[in-house]
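Undergrad: Supplied structure: my_file.tsv, TSV, C-alpha atoms.
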```
chain	number	residue	atom	x	y	z
A	1	MET	CA	-66.75	-15.16	-46.06
A	2	ALA	CA	-68.50	-12.65	-43.81
A	3	THR	CA	-68.13	-8.91	-44.38
A	4	TYR	CA	-67.30	-8.27	-40.71
A	5	GLU	CA	-65.54	-10.36	-38.08
A	6	PHE	CA	-66.45	-9.95	-34.42
A	7	LYS	CA	-62.81	-9.99	-33.36
A	8	THR	CA	-62.01	-7.05	-35.65
A	9	LEU	CA	-65.04	-5.06	-34.44
A	10	LYS	CA	-64.08	-5.74	-30.82
A	11	GLU	CA	-60.66	-4.20	-31.46
A	12	LYS	CA	-62.19	-1.26	-33.36
A	13	TYR	CA	-64.61	-0.49	-30.54
A	14	SER	CA	-62.15	-0.83	-27.62
A	15	HIS	CA	-63.66	-4.11	-26.37
A	16	PHE	CA	-67.12	-2.53	-26.39
A	17	GLN	CA	-66.38	-0.23	-23.48
A	18	HIS	CA	-67.84	3.28	-23.07
A	19	ALA	CA	-70.72	3.38	-25.54
A	20	VAL	CA	-71.15	6.71	-27.30
A	21	ALA	CA	-73.86	8.39	-29.36
A	22	ILE	CA	-73.61	11.42	-31.62
A	23	ILE	CA	-76.86	13.15	-32.53
A	24	LYS	CA	-76.76	15.69	-35.34
A	25	ILE	CA	-79.63	18.05	-36.12
A	26	ASN	CA	-79.31	19.63	-39.56
A	27	ASP	CA	-75.69	18.39	-39.66
A	28	VAL	CA	-74.75	20.06	-36.34
A	29	SER	CA	-74.01	17.89	-33.30
A	30	LEU	CA	-75.81	18.59	-30.04
A	31	ALA	CA	-72.39	18.23	-28.40
A	32	ASP	CA	-71.18	21.30	-30.34
A	33	GLU	CA	-73.47	23.52	-28.29
A	34	LYS	CA	-71.73	25.40	-25.49
A	35	LYS	CA	-74.09	23.82	-22.98
A	36	GLY	CA	-73.50	20.34	-24.47
A	37	TYR	CA	-77.00	18.96	-24.09
A	38	PRO	CA	-76.89	15.35	-22.80
A	39	VAL	CA	-78.83	12.76	-24.81
A	40	SER	CA	-80.08	9.41	-23.52
A	41	ASN	CA	-82.72	6.70	-23.99
A	42	ILE	CA	-81.81	6.24	-27.64
A	43	GLN	CA	-83.81	3.68	-29.62
A	44	VAL	CA	-83.26	3.13	-33.33
A	45	ASP	CA	-85.66	0.73	-35.07
A	46	LEU	CA	-84.51	-0.24	-38.56
A	47	THR	CA	-86.35	-2.55	-40.94
A	48	SER	CA	-86.04	-4.06	-44.41
A	49	GLY	CA	-89.84	-4.37	-44.46
A	50	PHE	CA	-92.33	-1.84	-45.75
A	51	GLU	CA	-92.65	0.05	-42.47
A	52	ALA	CA	-90.71	3.25	-41.88
A	53	SER	CA	-87.54	3.10	-39.82
A	54	ILE	CA	-87.90	5.14	-36.62
A	55	ALA	CA	-85.52	6.68	-34.10
A	56	GLU	CA	-86.27	8.18	-30.68
A	57	PHE	CA	-84.05	9.95	-28.16
A	58	SER	CA	-84.37	12.21	-25.10
A	59	ILE	CA	-82.56	15.53	-24.68
A	60	TYR	CA	-81.91	16.63	-21.08
A	61	ASP	CA	-80.86	19.83	-19.30
A	62	VAL	CA	-83.44	21.73	-21.33
A	63	TYR	CA	-85.74	22.84	-18.49
A	64	ASP	CA	-85.18	26.02	-16.51
A	65	GLU	CA	-86.55	25.27	-13.04
A	66	ALA	CA	-86.27	28.87	-11.86
A	67	ALA	CA	-88.27	30.19	-14.79
A	68	GLY	CA	-90.48	27.09	-14.96
A	69	LYS	CA	-90.12	26.66	-18.72
A	70	PHE	CA	-88.37	24.67	-21.41
A	71	GLU	CA	-85.46	26.43	-23.09
A	72	ASP	CA	-85.14	26.88	-26.85
A	73	THR	CA	-82.07	24.57	-26.87
A	74	GLY	CA	-78.99	26.32	-28.23
A	75	LYS	CA	-77.79	28.84	-30.78
A	76	LYS	CA	-76.51	26.26	-33.27
A	77	VAL	CA	-79.16	23.55	-32.93
A	78	LYS	CA	-82.91	24.09	-33.10
A	79	ILE	CA	-85.24	21.17	-32.38
A	80	LEU	CA	-87.92	21.75	-34.99
A	81	LEU	CA	-90.31	19.52	-36.91
A	82	GLY	CA	-88.90	18.63	-40.32
A	83	SER	CA	-85.26	19.03	-39.27
A	84	LYS	CA	-82.78	16.44	-40.49
A	85	VAL	CA	-81.49	13.91	-37.93
A	86	ASP	CA	-78.33	11.78	-38.10
A	87	ILE	CA	-77.58	9.25	-35.37
A	88	TYR	CA	-74.13	7.70	-34.88
A	89	LEU	CA	-73.55	4.87	-32.40
A	90	GLY	CA	-70.36	3.20	-31.26
A	91	TYR	CA	-67.78	3.05	-28.50
A	92	GLY	CA	-64.90	5.25	-27.37
A	93	GLU	CA	-63.74	7.37	-30.29
A	94	SER	CA	-65.40	5.25	-33.00
A	95	ALA	CA	-69.03	5.72	-34.03
A	96	ARG	CA	-70.95	4.72	-37.14
A	97	ASN	CA	-73.96	6.30	-38.81
A	98	VAL	CA	-77.01	4.08	-38.23
A	99	PHE	CA	-79.94	6.39	-39.04
A	100	VAL	CA	-80.86	9.33	-41.28
A	101	GLY	CA	-84.31	10.87	-41.18
A	102	VAL	CA	-86.45	13.88	-40.22
A	103	ILE	CA	-88.07	14.94	-36.97
A	104	THR	CA	-91.75	14.03	-37.11
A	105	ARG	CA	-92.76	14.44	-33.45
A	106	ILE	CA	-91.55	16.40	-30.41
A	107	ASN	CA	-92.74	15.67	-26.85
A	108	TYR	CA	-91.98	18.00	-23.93
A	109	LEU	CA	-92.04	15.71	-20.90
A	110	PHE	CA	-92.38	16.80	-17.29
A	111	GLU	CA	-93.03	13.79	-15.07
A	112	LYS	CA	-93.14	13.56	-11.30
A	113	GLN	CA	-90.42	10.96	-10.84
A	114	ASP	CA	-88.21	11.78	-13.80
A	115	ILE	CA	-86.04	14.60	-15.11
A	116	PRO	CA	-87.79	16.93	-17.57
A	117	CYS	CA	-86.70	16.31	-21.15
A	118	ILE	CA	-87.55	16.75	-24.81
A	119	ARG	CA	-88.38	13.44	-26.47
A	120	VAL	CA	-87.69	13.50	-30.21
A	121	THR	CA	-89.11	11.04	-32.75
A	122	ALA	CA	-87.69	10.86	-36.26
A	123	MET	CA	-88.62	8.78	-39.31
A	124	ASP	CA	-86.78	7.95	-42.51
A	125	VAL	CA	-87.96	9.28	-45.88
A	126	LYS	CA	-90.95	6.93	-45.83
A	127	GLY	CA	-92.50	9.16	-43.19
A	128	VAL	CA	-92.44	12.05	-45.67
A	129	MET	CA	-93.82	9.86	-48.45
A	130	MET	CA	-96.86	8.87	-46.36
A	131	ALA	CA	-98.30	12.36	-46.49
A	132	GLY	CA	-101.19	13.05	-48.84
A	133	SER	CA	-103.25	10.95	-51.18
A	134	TYR	CA	-103.92	11.67	-54.84
A	135	SER	CA	-104.59	10.19	-58.26
A	136	ALA	CA	-102.33	10.70	-61.27
A	137	GLN	CA	-101.51	9.22	-64.65
A	138	LEU	CA	-97.75	8.65	-64.70
A	139	LYS	CA	-95.59	8.76	-67.82
A	140	ALA	CA	-93.91	5.42	-67.05
A	141	LYS	CA	-94.96	2.19	-68.77
A	142	ASN	CA	-93.31	-0.12	-66.24
A	143	TYR	CA	-93.11	-0.09	-62.46
A	144	SER	CA	-89.39	0.54	-61.96
A	145	ASP	CA	-89.65	3.65	-64.18
A	146	ALA	CA	-92.78	4.65	-62.27
A	147	VAL	CA	-90.90	4.46	-58.94
A	148	LYS	CA	-88.10	6.54	-60.47
A	149	GLU	CA	-90.69	9.06	-61.62
A	150	ILE	CA	-91.91	9.36	-58.03
A	151	PHE	CA	-88.42	10.05	-56.66
A	152	ASP	CA	-87.65	12.51	-59.46
A	153	LYS	CA	-90.24	14.88	-58.01
A	154	THR	CA	-89.03	18.25	-56.78
A	155	ALA	CA	-90.06	17.40	-53.21
A	156	TYR	CA	-87.63	14.47	-53.07
A	157	GLU	CA	-84.90	16.37	-54.89
A	158	LYS	CA	-85.03	18.84	-51.99
A	159	LEU	CA	-84.54	15.93	-49.59
A	160	GLY	CA	-81.53	14.76	-51.59
A	161	THR	CA	-78.20	16.27	-52.50
A	162	LEU	CA	-79.91	19.50	-53.59
A	163	GLY	CA	-81.30	20.11	-50.12
A	164	GLN	CA	-81.29	18.47	-46.69
A	165	LYS	CA	-79.44	15.33	-47.88
A	166	ILE	CA	-81.92	13.04	-46.12
A	167	ILE	CA	-81.73	10.97	-49.32
A	168	SER	CA	-78.10	10.26	-50.23
A	169	SER	CA	-78.89	8.04	-53.23
A	170	VAL	CA	-81.72	6.05	-54.83
A	171	GLN	CA	-81.20	2.51	-56.15
A	172	ILE	CA	-84.04	1.30	-58.36
A	173	ASP	CA	-83.62	-2.16	-59.88
A	174	ALA	CA	-85.51	-3.17	-63.02
A	175	THR	CA	-88.85	-4.81	-62.25
A	176	PRO	CA	-89.82	-7.92	-64.29
A	177	ASP	CA	-92.07	-5.88	-66.60
A	178	LYS	CA	-89.14	-3.62	-67.51
A	179	GLN	CA	-86.80	-6.61	-67.90
A	180	ARG	CA	-89.20	-8.16	-70.42
A	181	ALA	CA	-89.41	-4.92	-72.37
A	182	LEU	CA	-85.61	-4.64	-72.48
A	183	ALA	CA	-85.24	-8.28	-73.51
A	184	ASN	CA	-87.72	-7.87	-76.39
A	185	PRO	CA	-87.15	-4.36	-77.79
A	186	ASN	CA	-88.67	-5.29	-81.15
A	187	VAL	CA	-92.00	-6.28	-79.63
A	188	GLY	CA	-94.51	-3.46	-79.78
A	189	THR	CA	-95.34	-1.90	-76.44
A	190	SER	CA	-98.67	-0.59	-75.28
A	191	ASP	CA	-99.33	3.13	-75.04
A	192	LYS	CA	-100.92	2.50	-71.66
A	193	THR	CA	-99.06	4.09	-68.76
A	194	ILE	CA	-99.22	3.34	-65.04
A	195	GLU	CA	-101.81	5.08	-62.90
A	196	MET	CA	-101.92	6.12	-59.25
A	197	VAL	CA	-105.39	5.90	-57.76
A	198	ALA	CA	-106.15	7.70	-54.48
A	199	GLU	CA	-102.87	6.74	-52.85
A	200	SER	CA	-99.78	8.35	-51.38
A	201	ASP	CA	-96.31	8.01	-52.89
A	202	TYR	CA	-95.50	5.57	-50.10
A	203	GLU	CA	-98.55	3.40	-50.81
A	204	PHE	CA	-97.79	3.35	-54.53
A	205	VAL	CA	-94.14	2.29	-54.13
A	206	VAL	CA	-95.09	-0.38	-51.57
A	207	LYS	CA	-97.75	-1.68	-53.99
A	208	ALA	CA	-95.16	-1.85	-56.77
A	209	ALA	CA	-92.75	-3.71	-54.49
A	210	LYS	CA	-95.34	-6.27	-53.37
A	211	LYS	CA	-96.45	-6.85	-56.93
A	212	HIS	CA	-92.95	-7.85	-58.09
A	213	ASN	CA	-91.43	-9.40	-54.94
A	214	PHE	CA	-89.26	-6.34	-54.34
A	215	GLU	CA	-88.00	-4.71	-51.16
A	216	PHE	CA	-88.41	-1.02	-50.40
A	217	PHE	CA	-86.41	0.36	-47.48
A	218	THR	CA	-83.67	2.82	-46.58
A	219	GLU	CA	-80.15	2.30	-45.32
A	220	CYS	CA	-78.74	5.44	-43.68
A	221	GLY	CA	-80.26	7.68	-46.33
A	222	LYS	CA	-79.82	5.31	-49.26
A	223	VAL	CA	-83.21	4.38	-50.76
A	224	LEU	CA	-83.37	0.78	-52.00
A	225	PHE	CA	-86.04	-0.57	-54.34
A	226	ARG	CA	-84.70	-3.99	-55.31
A	227	LYS	CA	-85.56	-7.65	-55.73
A	228	ALA	CA	-86.15	-9.23	-52.33
A	229	LYS	CA	-83.05	-10.67	-50.69
A	230	SER	CA	-80.99	-10.06	-53.81
A	231	ASP	CA	-77.73	-9.50	-51.90
A	232	PRO	CA	-76.52	-13.02	-50.98
A	233	SER	CA	-73.45	-11.89	-49.03
A	234	VAL	CA	-73.22	-12.63	-45.30
A	235	LEU	CA	-72.76	-9.61	-43.05
A	236	MET	CA	-71.25	-11.53	-40.14
A	237	GLU	CA	-71.44	-14.70	-38.05
A	238	ILE	CA	-73.10	-14.41	-34.66
A	239	GLY	CA	-73.34	-16.73	-31.68
A	240	PRO	CA	-72.29	-17.07	-28.01
A	241	ALA	CA	-68.76	-15.96	-28.90
A	242	THR	CA	-70.03	-12.67	-30.39
A	243	GLY	CA	-71.53	-11.16	-27.26
A	244	MET	CA	-74.95	-12.78	-27.54
A	245	HIS	CA	-77.06	-12.31	-24.38
A	246	ASN	CA	-80.12	-14.37	-25.32
A	247	PHE	CA	-81.80	-15.96	-28.33
A	248	ASP	CA	-84.95	-17.67	-29.55
A	249	VAL	CA	-84.85	-19.79	-32.72
A	250	SER	CA	-88.10	-21.27	-33.97
A	251	TYR	CA	-89.21	-23.35	-36.98
A	252	ASP	CA	-92.91	-23.55	-37.73
A	253	LEU	CA	-94.94	-25.43	-40.36
A	254	THR	CA	-98.07	-23.40	-39.70
A	255	GLY	CA	-99.24	-21.63	-42.85
A	256	LEU	CA	-96.92	-23.49	-45.22
A	257	VAL	CA	-98.34	-25.34	-48.25
A	258	GLU	CA	-96.98	-27.48	-51.04
A	259	THR	CA	-98.43	-25.48	-53.97
A	260	VAL	CA	-99.28	-21.81	-54.52
A	261	ILE	CA	-101.80	-20.94	-57.26
A	262	VAL	CA	-102.54	-17.46	-58.62
A	263	ARG	CA	-105.50	-16.61	-60.82
A	264	GLY	CA	-106.34	-13.48	-62.76
A	265	MET	CA	-108.39	-12.51	-65.78
A	266	ASP	CA	-107.55	-11.48	-69.33
A	267	VAL	CA	-110.59	-9.28	-69.90
A	268	SER	CA	-109.94	-8.83	-73.63
A	269	LYS	CA	-110.11	-12.60	-74.18
A	270	ALA	CA	-112.54	-13.40	-71.34
A	271	LYS	CA	-110.02	-16.00	-70.23
A	272	VAL	CA	-108.86	-17.03	-66.76
A	273	ILE	CA	-105.10	-16.73	-66.24
A	274	THR	CA	-103.50	-19.27	-63.93
A	275	SER	CA	-99.98	-19.78	-62.63
A	276	GLN	CA	-98.85	-22.27	-60.01
A	277	LYS	CA	-95.64	-23.47	-58.44
A	278	LYS	CA	-94.56	-25.94	-55.78
A	279	VAL	CA	-92.51	-24.89	-52.78
A	280	SER	CA	-89.18	-26.72	-52.84
A	281	ASN	CA	-87.50	-25.36	-49.69
A	282	LYS	CA	-85.82	-27.86	-47.39
A	283	ILE	CA	-87.77	-27.87	-44.11
A	284	SER	CA	-86.52	-31.07	-42.52
A	285	LYS	CA	-83.63	-33.53	-42.59
A	286	GLY	CA	-86.10	-36.28	-41.77
A	287	ASN	CA	-89.09	-37.55	-43.74
A	288	LYS	CA	-91.94	-36.50	-41.44
A	289	ALA	CA	-92.52	-32.85	-42.34
A	290	LYS	CA	-92.97	-32.90	-46.14
A	291	PRO	CA	-95.84	-35.45	-46.13
A	292	LEU	CA	-97.81	-33.10	-43.85
A	293	LEU	CA	-97.89	-30.56	-46.70
A	294	LEU	CA	-98.70	-33.07	-49.45
A	295	LYS	CA	-101.35	-31.76	-51.89
A	296	SER	CA	-101.97	-28.66	-49.76
A	297	GLN	CA	-102.66	-25.48	-51.76
A	298	LYS	CA	-103.22	-21.77	-51.40
A	299	VAL	CA	-105.16	-20.05	-54.15
A	300	TYR	CA	-104.93	-16.28	-54.61
A	301	ILE	CA	-107.32	-14.29	-56.80
A	302	ASP	CA	-105.71	-11.08	-58.06
A	303	SER	CA	-107.92	-8.84	-60.22
A	304	THR	CA	-104.92	-6.70	-61.26
A	305	ILE	CA	-103.28	-9.59	-63.14
A	306	SER	CA	-103.83	-9.40	-66.90
A	307	SER	CA	-101.10	-11.66	-68.34
A	308	LYS	CA	-99.38	-14.99	-67.70
A	309	GLN	CA	-96.10	-13.20	-67.00
A	310	GLU	CA	-97.72	-11.10	-64.28
A	311	ALA	CA	-99.24	-14.24	-62.77
A	312	ASP	CA	-95.83	-15.93	-62.74
A	313	ASP	CA	-94.30	-12.89	-61.02
A	314	ARG	CA	-97.04	-12.94	-58.39
A	315	VAL	CA	-96.54	-16.65	-57.69
A	316	GLU	CA	-92.80	-16.13	-57.11
A	317	SER	CA	-93.53	-13.27	-54.73
A	318	LEU	CA	-96.13	-15.19	-52.73
A	319	ILE	CA	-93.94	-18.29	-52.45
A	320	GLU	CA	-91.02	-16.34	-51.06
A	321	THR	CA	-93.19	-14.38	-48.62
A	322	MET	CA	-94.77	-17.58	-47.33
A	323	SER	CA	-91.48	-19.52	-47.23
A	324	TYR	CA	-89.76	-16.94	-45.05
A	325	ARG	CA	-92.36	-17.46	-42.33
A	326	TYR	CA	-90.79	-20.88	-41.73
A	327	GLY	CA	-87.87	-19.97	-39.46
A	328	THR	CA	-87.36	-17.01	-37.11
A	329	LEU	CA	-84.39	-15.85	-35.05
A	330	GLU	CA	-84.78	-13.31	-32.27
A	331	CYS	CA	-81.72	-12.46	-30.25
A	332	GLU	CA	-79.97	-9.74	-28.31
A	333	LEU	CA	-76.25	-9.10	-28.30
A	334	VAL	CA	-73.70	-6.41	-27.52
A	335	GLY	CA	-74.35	-3.23	-29.48
A	336	LEU	CA	-73.01	-3.58	-33.03
A	337	PRO	CA	-73.65	-0.56	-35.30
A	338	GLU	CA	-72.54	-2.60	-38.34
A	339	LEU	CA	-75.64	-4.79	-38.11
A	340	LEU	CA	-78.28	-3.51	-40.53
A	341	PRO	CA	-81.51	-4.94	-42.00
A	342	GLY	CA	-81.49	-6.26	-45.56
A	343	HIS	CA	-78.45	-8.50	-45.08
A	344	PHE	CA	-77.82	-12.14	-44.23
A	345	ILE	CA	-76.12	-13.41	-41.08
A	346	ASN	CA	-74.95	-16.87	-40.04
A	347	LEU	CA	-75.99	-18.29	-36.68
A	348	ALA	CA	-73.22	-20.55	-35.39
A	349	GLY	CA	-71.64	-21.92	-32.23
A	350	LEU	CA	-74.90	-23.34	-30.88
A	351	GLY	CA	-74.69	-26.86	-32.32
A	352	ASP	CA	-75.73	-28.25	-35.69
A	353	ASN	CA	-79.43	-28.13	-34.77
A	354	LEU	CA	-79.38	-24.33	-34.81
A	355	ARG	CA	-76.72	-23.54	-37.40
A	356	ASN	CA	-78.39	-21.70	-40.27
A	357	LYS	CA	-78.39	-18.63	-42.51
A	358	PHE	CA	-80.91	-15.93	-41.62
A	359	TYR	CA	-82.04	-12.73	-43.33
A	360	ILE	CA	-82.21	-9.67	-41.06
A	361	HIS	CA	-85.69	-8.21	-41.12
A	362	ARG	CA	-85.40	-5.83	-38.18
A	363	ILE	CA	-82.63	-4.30	-36.06
A	364	ARG	CA	-83.21	-2.40	-32.85
A	365	HIS	CA	-80.27	-0.48	-31.38
A	366	VAL	CA	-80.84	0.62	-27.76
A	367	LEU	CA	-78.56	2.88	-25.70
A	368	ASP	CA	-80.22	3.30	-22.29
A	369	LYS	CA	-79.75	5.75	-19.41
A	370	SER	CA	-77.07	3.60	-17.80
A	371	GLY	CA	-74.95	3.71	-20.95
A	372	GLN	CA	-75.67	0.09	-21.89
A	373	PHE	CA	-75.69	-0.42	-25.67
A	374	ASP	CA	-77.45	-3.52	-27.03
A	375	THR	CA	-78.59	-4.63	-30.48
A	376	LYS	CA	-81.72	-6.74	-30.95
A	377	ILE	CA	-82.16	-8.77	-34.13
A	378	THR	CA	-85.23	-10.24	-35.80
A	379	ALA	CA	-84.23	-12.42	-38.75
A	380	VAL	CA	-85.97	-15.04	-40.90
A	381	THR	CA	-85.11	-18.08	-42.98
A	382	ALA	CA	-86.96	-20.15	-45.58
A	383	SER	CA	-85.16	-23.47	-45.16
A	384	ILE	CA	-82.67	-25.57	-43.25
A	385	GLU	CA	-79.12	-25.23	-44.49
A	386	ASP	CA	-77.64	-28.34	-46.08
A	387	ASN	CA	-74.59	-28.15	-43.83
A	388	MET	CA	-76.71	-28.78	-40.75
A	389	ALA	CA	-76.31	-32.24	-39.21
A	390	GLY	CA	-78.99	-34.89	-39.39
A	391	ALA	CA	-80.17	-34.03	-35.90
A	392	ALA	CA	-81.79	-30.93	-37.39
A	393	GLY	CA	-84.57	-33.12	-38.72
A	394	ASN	CA	-85.64	-33.79	-35.15
A	395	LEU	CA	-86.84	-30.20	-34.91
A	396	LEU	CA	-89.83	-31.20	-37.00
```
Show the structure stored in the file as structure tokens.

TA:
Amino acid sequence: MATYEFKTLKEKYSHFQHAVAIIKINDVSLADEKKGYPVSNIQVDLTSGFEASIAEFSIYDVYDEAAGKFEDTGKKVKILLGSKVDIYLGYGESARNVFVGVITRINYLFEKQDIPCIRVTAMDVKGVMMAGSYSAQLKAKNYSDAVKEIFDKTAYEKLGTLGQKIISSVQIDATPDKQRALANPNVGTSDKTIEMVAESDYEFVVKAAKKHNFEFFTECGKVLFRKAKSDPSVLMEIGPATGMHNFDVSYDLTGLVETVIVRGMDVSKAKVITSQKKVSNKISKGNKAKPLLLKSQKVYIDSTISSKQEADDRVESLIETMSYRYGTLECELVGLPELLPGHFINLAGLGDNLRNKFYIHRIRHVLDKSGQFDTKITAVTASIEDNMAGAAGNLL
């Protein structure tokens, strides 16, 4: 059962009439200013990938034509680099938080055929983590503890509940190396700890995520470092009956192989480490697609692998990454603030050929000058659902 039903959301948001946006700077709404600065051209790009989530919006009525200068906004709200930004989107009297981040860029725009405005760009906490590059020997002996060590730094504590509250919480799931240590507490562990080498905090956490098939993204201030696609629940079912304007569903064999092989080196034993696994995802109801991949392989050489367990982890990660290039959904529908990356959705109402379960990779909420609020989705799938009719096999 889906978490949200379109019918219920339609009632909540007054049949999707009169889109609204609330922009808060350092927890104070722009609407609270006496002048009530109008905001428009809002774009919120959210992702479950390794990129930072970004929001942009334009503030108007900030230019004094008589004096020929931009005003310093209001008494309560100051548009300054590093300020916290919260964006709420919705309809009528109902709006939901869709973005939490910090201002990273400010543009003062004066164009011949447009109204002068201040264009604000904000990024989630990843934007802060990208700054700097350094080397350090961490105390942690596994990667999940190493990621926790990063977020325990004073700088991130100040972004959390002790400061600006840009980080509301941090969820760090146990990586496979920590799981093995917990499962075998009596086995002696190495004194060797994890090292950062000429990299930013962002680069290190992304490296740790890629190494163990983990995701690293934020959800309205909540930092998530977890096994990829570990939440199997379905956010909602979408289709023509849920305000869909357009869609593009594609399935593609390009780049898929039957077997993935990973090789590393155990330097202490001068021995090659190998792990391999076949891809078992269902890519066709017919019998024409699978033979095209027969005996095809991809071999990856990873110099950082030093044990069979690490090689097995890497194979699992590579297989999933490759498999989710198989199917892609791109669509646009009526603005729905409840839609967030990192969750599954069901595509339905378009016939059995297209019915499938997709994982949301990217969401783009757009509220334009005319007041039109739309949500654009990019989602992926690794296989054809078993409940699809036999005609699905004709796709391939």

Undergrad: Record the distance separating atom CA of A:Ala95 and atom CA of A:Leu30, expressed in Å with one decimal.

TA: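 Rounded to one decimal, the two atoms are 15.1 Å apart.
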
Undergrad: What's the separation between atom CA of A:Tyr300 and atom CA of A:Tyr326, in Å to one decimal place?

TA: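 Distance between the two atoms: 19.7 Å.
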
Undergrad: Quick one: axis-aligned box around all listed atoms of stretch 3-16 of chain A, 6 Å on every side, centre and edge lengths in Å to one decimal, written as JSON.

TA:
```
{"center_x": -64.4, "center_y": -5.4, "center_z": -35.4, "size_x": 19.5, "size_y": 21.9, "size_z": 30.0}
```

Undergrad: Given the choices A:Ala198, A:Val100, A:Cys117, A:Val315, which gets closest to A:Ile59 if the distance is worked out from only C-alpha atoms?

TA: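 Comparing A:Ala198, A:Val100, A:Cys117, A:Val315 against A:Ile59, the winner is A:Cys117.
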
Undergrad: Counting all atoms listed in the file, figure out which residue out of A:Lys148, A:Arg362, A:Lys278, A:His212 gets nearest to A:Ser323.

TA: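 Using all atoms listed in the file, A:Ser323 sits closest to A:Lys278.
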